[in-house]
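Novice: Here you go, this is work10.cif (mmCIF, C-alpha atoms).
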data_protein
#
loop_
_atom_site.label_atom_id
_atom_site.label_comp_id
_atom_site.auth_asym_id
_atom_site.auth_seq_id
_atom_site.Cartn_x
_atom_site.Cartn_y
_atom_site.Cartn_z
CA MET K 1 -23.47 14.64 10.15
CA LEU K 2 -20.33 15.10 8.11
CA THR K 3 -20.69 17.65 5.34
CA ARG K 4 -18.57 18.67 2.40
CA GLU K 5 -18.21 22.12 3.90
CA LYS K 6 -16.97 20.74 7.22
CA ILE K 7 -14.25 18.73 5.48
CA GLN K 8 -13.18 21.51 3.13
CA SER K 9 -12.90 24.02 5.99
CA CYS K 10 -10.67 21.66 7.97
CA PRO K 11 -6.87 21.79 7.41
CA ASN K 12 -5.43 18.39 6.52
CA GLU K 13 -3.42 18.25 9.74
CA LYS K 14 -6.68 18.65 11.72
CA LEU K 15 -8.73 16.06 9.82
CA ASN K 16 -8.22 13.43 12.52
CA ASP K 17 -10.26 15.62 14.86
CA LEU K 18 -13.30 14.61 12.79
CA LEU K 19 -12.78 10.87 13.30
CA PRO K 20 -14.52 10.38 16.68
CA SER K 21 -17.82 11.76 15.39
CA LEU K 22 -17.99 9.66 12.21
CA ASN K 23 -20.96 7.32 11.91
CA ALA K 24 -21.91 4.63 9.38
CA GLU K 25 -23.58 7.12 7.06
CA ASP K 26 -20.52 9.37 7.15
CA ILE K 27 -18.30 6.43 6.17
CA ARG K 28 -20.62 5.58 3.28
CA GLN K 29 -20.52 9.17 2.08
CA LEU K 30 -16.75 9.42 2.36
CA VAL K 31 -16.34 6.29 0.24
CA ALA K 32 -18.68 7.78 -2.37
CA TRP K 33 -16.69 11.01 -2.36
CA LEU K 34 -13.53 9.09 -3.31
CA SER K 35 -14.85 9.33 -6.87
CA GLU K 36 -15.05 13.13 -6.75
CA LYS K 37 -13.20 14.97 -9.49
CA ALA K 38 -12.08 17.77 -7.17
CA ASP K 39 -8.56 16.64 -6.26
CA THR K 40 -8.17 18.45 -2.95
CA PHE K 41 -11.54 17.41 -1.56
CA ARG K 42 -11.14 13.81 -2.76
CA TYR K 43 -7.73 13.65 -1.10
CA GLN K 44 -9.18 14.88 2.20
CA CYS K 45 -11.83 12.16 2.10
CA PHE K 46 -9.11 9.62 1.32
CA LEU K 47 -7.01 10.78 4.29
CA LEU K 48 -10.00 10.48 6.60
CA LEU K 49 -10.74 6.94 5.47
CA LEU K 50 -7.09 5.91 5.78
CA ALA K 51 -6.92 7.25 9.32
CA ARG K 52 -10.22 5.60 10.21
CA SER K 53 -8.99 2.27 8.84
CA GLU K 54 -6.10 2.30 11.30
CA LYS K 55 -8.48 2.47 14.26
CA ASP K 56 -11.75 0.83 13.24
CA SER K 57 -13.11 -1.89 10.97
CA ASP K 58 -16.10 0.10 9.73
CA VAL K 59 -14.40 0.93 6.41
CA TYR K 60 -13.72 -2.75 5.66
CA PRO K 61 -17.30 -3.44 4.41
CA TYR K 62 -16.41 -1.35 1.33
CA TRP K 63 -13.63 -3.78 0.40
CA ASP K 64 -15.22 -4.64 -2.95
CA VAL K 65 -15.40 -0.94 -3.86
CA PHE K 66 -11.66 -0.63 -3.28
CA VAL K 67 -10.94 -3.78 -5.29
CA GLU K 68 -12.87 -2.28 -8.20
CA LYS K 69 -10.86 0.91 -7.95
CA MET K 70 -7.61 -1.05 -8.35
CA GLY K 71 -8.69 -1.80 -11.90
CA ASP K 72 -9.84 1.72 -12.74
CA ALA K 73 -8.55 3.40 -15.90
CA ASN K 74 -7.63 6.43 -13.79
CA SER K 75 -4.33 5.97 -11.96
CA TYR K 76 -5.45 8.16 -9.04
CA GLN K 77 -8.35 5.79 -8.46
CA ARG K 78 -6.02 2.79 -8.72
CA ASN K 79 -3.79 4.36 -6.09
CA ILE K 80 -6.76 4.91 -3.80
CA GLY K 81 -7.85 1.32 -4.24
CA LEU K 82 -4.39 -0.04 -3.46
CA ARG K 83 -3.93 2.11 -0.38
CA MET K 84 -7.38 1.34 1.00
CA ILE K 85 -6.98 -2.41 0.49
CA ALA K 86 -3.58 -2.32 2.20
CA ALA K 87 -5.00 -0.33 5.12
CA ASN K 88 -7.90 -2.74 5.65
CA VAL K 89 -6.14 -6.10 5.44
CA ARG K 90 -5.75 -5.84 9.22
CA TRP K 91 -9.54 -6.32 9.46
CA ASP K 92 -9.70 -9.07 6.84
CA GLU K 93 -10.76 -11.97 9.06
CA GLN K 94 -12.65 -13.44 6.09
CA GLY K 95 -9.41 -13.83 4.14
CA LYS K 96 -10.65 -11.88 1.14
CA PHE K 97 -7.15 -10.75 0.25
CA ASP K 98 -6.18 -14.30 -0.64
CA SER K 99 -8.50 -14.22 -3.67
CA ILE K 100 -7.27 -10.84 -4.91
CA CYS K 101 -3.57 -11.21 -4.13
CA ASP K 102 -2.65 -11.83 -7.77
CA PHE K 103 -4.73 -8.84 -8.87
CA TYR K 104 -3.09 -6.62 -6.26
CA LEU K 105 0.40 -7.79 -7.24
CA SER K 106 -0.32 -7.16 -10.92
CA CYS K 107 -0.13 -3.47 -10.06
CA CYS K 108 3.62 -3.95 -9.59
CA ASN K 109 3.62 -3.83 -13.39
CA ASP K 110 1.49 -0.69 -13.67
CA GLU K 111 2.40 1.85 -16.34
CA LYS K 112 2.53 4.61 -13.72
CA PRO K 113 5.65 4.61 -11.51
CA VAL K 114 3.71 6.14 -8.61
CA THR K 115 1.17 3.33 -8.73
CA VAL K 116 3.94 0.72 -8.78
CA ARG K 117 5.43 2.21 -5.63
CA GLN K 118 2.04 2.56 -3.92
CA CYS K 119 1.45 -1.12 -4.62
CA ILE K 120 4.79 -2.30 -3.23
CA GLN K 121 4.76 0.04 -0.23
CA GLY K 122 1.26 -1.15 0.63
CA LEU K 123 2.63 -4.66 1.02
CA CYS K 124 4.40 -3.49 4.18
CA GLN K 125 0.93 -3.10 5.70
CA ILE K 126 -0.35 -6.36 4.25
CA VAL K 127 2.32 -8.97 5.05
CA PRO K 128 2.12 -8.59 8.87
CA PHE K 129 -1.57 -9.54 8.74
CA ASN K 130 -1.57 -12.20 6.01
CA LYS K 131 1.21 -14.76 6.20
CA ARG K 132 -0.52 -16.94 3.63
CA CYS K 133 0.50 -14.50 0.90
CA HIS K 134 4.18 -14.28 1.88
CA ALA K 135 5.55 -16.74 -0.67
CA LYS K 136 3.56 -15.28 -3.53
CA VAL K 137 4.51 -11.70 -2.60
CA ALA K 138 8.19 -12.58 -2.26
CA GLN K 139 8.30 -14.34 -5.62
CA LYS K 140 6.60 -11.41 -7.33
CA LEU K 141 8.96 -8.83 -5.87
CA MET K 142 12.06 -10.85 -6.65
CA SER K 143 10.89 -11.30 -10.24
CA ILE K 144 10.64 -7.57 -10.94
CA ASP K 145 13.15 -6.62 -13.60
CA ILE K 146 14.21 -3.17 -12.46
CA THR K 147 16.35 -2.72 -15.56
CA GLN K 148 13.07 -2.23 -17.41
CA ARG K 149 12.30 0.79 -15.22
CA LYS K 150 13.52 4.32 -15.74
CA GLU K 151 16.92 4.81 -14.17
CA THR K 152 15.48 7.28 -11.67
CA GLN K 153 12.99 4.63 -10.50
CA GLN K 154 15.28 1.61 -10.22
CA LYS K 155 16.71 2.36 -6.79
CA LEU K 156 13.31 3.39 -5.38
CA VAL K 157 11.53 0.24 -6.56
CA LEU K 158 14.35 -1.97 -5.31
CA LEU K 159 14.37 -0.31 -1.88
CA ASP K 160 10.58 -0.59 -1.61
CA SER K 161 10.79 -4.28 -2.53
CA ILE K 162 13.57 -5.00 -0.05
CA SER K 163 11.59 -3.33 2.75
CA VAL K 164 8.78 -5.84 2.19
CA LEU K 165 11.15 -8.78 1.78
CA LEU K 166 12.87 -7.95 5.07
CA LEU K 167 9.51 -8.10 6.85
CA ILE K 168 8.72 -11.47 5.30
CA ASN K 169 12.15 -12.86 6.12
CA ARG K 170 11.87 -11.78 9.75
CA ALA K 171 8.61 -13.69 10.06
CA ASN K 172 10.07 -16.83 8.47
CA PHE K 173 13.64 -16.99 7.20
CA ASP K 174 13.92 -17.86 3.51
CA GLN K 175 17.28 -18.49 1.90
CA GLU K 176 16.13 -17.30 -1.53
CA ILE K 177 15.03 -13.96 -0.10
CA PHE K 178 18.29 -13.64 1.82
CA ASN K 179 20.28 -14.35 -1.33
CA PHE K 180 18.25 -11.80 -3.31
CA ILE K 181 18.98 -9.10 -0.75
CA GLN K 182 22.65 -10.01 -0.63
CA HIS K 183 22.82 -9.77 -4.42
CA ALA K 184 21.26 -6.29 -4.25
CA LEU K 185 23.89 -5.29 -1.69
CA THR K 186 26.71 -6.26 -4.06
CA GLY K 187 25.12 -4.57 -7.06
CA GLU K 188 25.39 -1.00 -8.27
CA VAL K 189 21.77 0.14 -8.07
CA LEU K 190 21.83 1.00 -4.36
CA ASP K 191 24.03 3.72 -2.89
CA LYS K 192 26.34 3.20 0.06
CA LYS K 193 23.95 4.70 2.62
CA SER K 194 21.08 2.49 1.49
CA LYS K 195 23.27 -0.61 1.65
CA GLN K 196 24.42 0.22 5.16
CA SER K 197 20.82 0.65 6.29
CA ILE K 198 19.80 -2.71 4.83
CA GLU K 199 22.82 -4.46 6.32
CA ALA K 200 21.90 -3.05 9.74
CA GLN K 201 18.37 -4.40 9.38
CA LEU K 202 19.66 -7.81 8.33
CA SER K 203 21.83 -8.06 11.42
CA SER K 204 19.23 -6.77 13.87
#
Could you rewrite the structure in this file as structure tokens?

Specialist:
Amino acid sequence: MLTREKIQSCPNEKLNDLLPSLNAEDIRQLVAWLSEKADTFRYQCFLLLLARSEKDSDVYPYWDVFVEKMGDANSYQRNIGLRMIAANVRWDEQGKFDSICDFYLSCCNDEKPVTVRQCIQGLCQIVPFNKRCHAKVAQKLMSIDITQRKETQQKLVLLDSISVLLLINRANFDQEIFNFIQHALTGEVLDKKSKQSIEAQLSS
């Protein structure tokens, strides 16, 4: 049985050692602990569930809990919801993401820059497992007006978006996506090193 004490006494880098012994009740408890107010403990539970989601589908049944968290007033809970949904799309044989795609993408407009980036970065986990959402995701990312972001965030958001768009374009070439990336490469938001990296990925 997984206890609070066992988690708290375990360094974050050793948390994966707990994964093999997790059972259904442990998963249920970990999901419940995601609502804990204690930041460090909540984060440990989150890390355990993320790692478990990479290897097993037994976190997927809590999909609706994670969807609810995406709409939470607390940005930390929204971040958890986004990350957990992204991590579990690989197990989404029922196609549940299709019905929440718009809701997920709405977080690209979140008031918190960290949440915006969590949302976009999570798409790198989603698009390989759900091709049905590619067009909608691409249109959303290309419609983001980065000039409305703080200057320190513009490059980061653009790079995150391009990372997703490159994945989509590799799966199925789209001229509009290609043109968008080319426009970014001729603009002034990205630095020389970033542009060279993107150009290398385009030619690979």

Novice: Nearest to Ser143 of chain K: which of K:Ile177, K:Val31, K:Leu22, K:Leu2 is it, counting all atoms listed in the file?

Specialist: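 Comparing K:Ile177, K:Val31, K:Leu22, K:Leu2 against Ser143 of chain K, the winner is K:Ile177.
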
Novice: When you draw a straight line from atom CA of Leu156 of chain K to atom CA of Leu141 of chain K, how long is it in Å?

Specialist: 13.0 Å

Novice: Name the residues within 12 Å of (-18.6, 19.2, 6.7), counting all atoms listed in the file in the file's coordinates, and put them as a JSON list (two decimals) with C-alpha atoms, in the coordinates of the input.

Specialist:
[["chain", "number", "residue", "atom", "x", "y", "z"],
["K", 1, "MET", "CA", -23.47, 14.64, 10.15],
["K", 2, "LEU", "CA", -20.33, 15.10, 8.11],
["K", 3, "THR", "CA", -20.69, 17.65, 5.34],
["K", 4, "ARG", "CA", -18.57, 18.67, 2.40],
["K", 5, "GLU", "CA", -18.21, 22.12, 3.90],
["K", 6, "LYS", "CA", -16.97, 20.74, 7.22],
["K", 7, "ILE", "CA", -14.25, 18.73, 5.48],
["K", 8, "GLN", "CA", -13.18, 21.51, 3.13],
["K", 9, "SER", "CA", -12.90, 24.02, 5.99],
["K", 10, "CYS", "CA", -10.67, 21.66, 7.97],
["K", 15, "LEU", "CA", -8.73, 16.06, 9.82],
["K", 18, "LEU", "CA", -13.30, 14.61, 12.79],
["K", 21, "SER", "CA", -17.82, 11.76, 15.39],
["K", 22, "LEU", "CA", -17.99, 9.66, 12.21],
["K", 26, "ASP", "CA", -20.52, 9.37, 7.15],
["K", 29, "GLN", "CA", -20.52, 9.17, 2.08],
["K", 30, "LEU", "CA", -16.75, 9.42, 2.36],
["K", 41, "PHE", "CA", -11.54, 17.41, -1.56],
["K", 44, "GLN", "CA", -9.18, 14.88, 2.20],
["K", 45, "CYS", "CA", -11.83, 12.16, 2.10]]

Novice: I'd like the residues picked by the PyMOL selection byres ((chain K and resi 69-81) around 8) written out as a list of chain:residue names, using the chain letters and numbers from the file.

Specialist: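 For this structure, the PyMOL selection byres ((chain K and resi 69-81) around 8) resolves to K:Leu34, K:Ser35, K:Phe46, K:Val65, K:Phe66, K:Val67, K:Glu68, K:Leu82, K:Arg83, K:Met84, K:Ile85, K:Tyr104, K:Lys112, K:Thr115, K:Gln118, K:Cys119.
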
Novice: What does the distance between atom CA of Ser163 of chain K and atom CA of Cys124 of chain K come to in Å, to one decimal place?

Specialist: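 Interatomic distance here is 7.3 Å.
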
Novice: Can you work out which one of K:Lys14, K:Lys140, K:Lys96, K:Arg132 has the shortest atom-to-atom distance to Ile120 of chain K, counting all atoms listed in the file?

Specialist: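 Under the stated criterion, the closest residue is K:Lys140.
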
Novice: From the set K:Glu93, K:Glu151, K:Asp98, K:Glu176, which residue has the shortest atom-to-atom contact distance to Glu188 of chain K, counting all atoms listed in the file?

Specialist: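 Looking at the shortest contact to Glu188 of chain K, the residue is K:Glu151.
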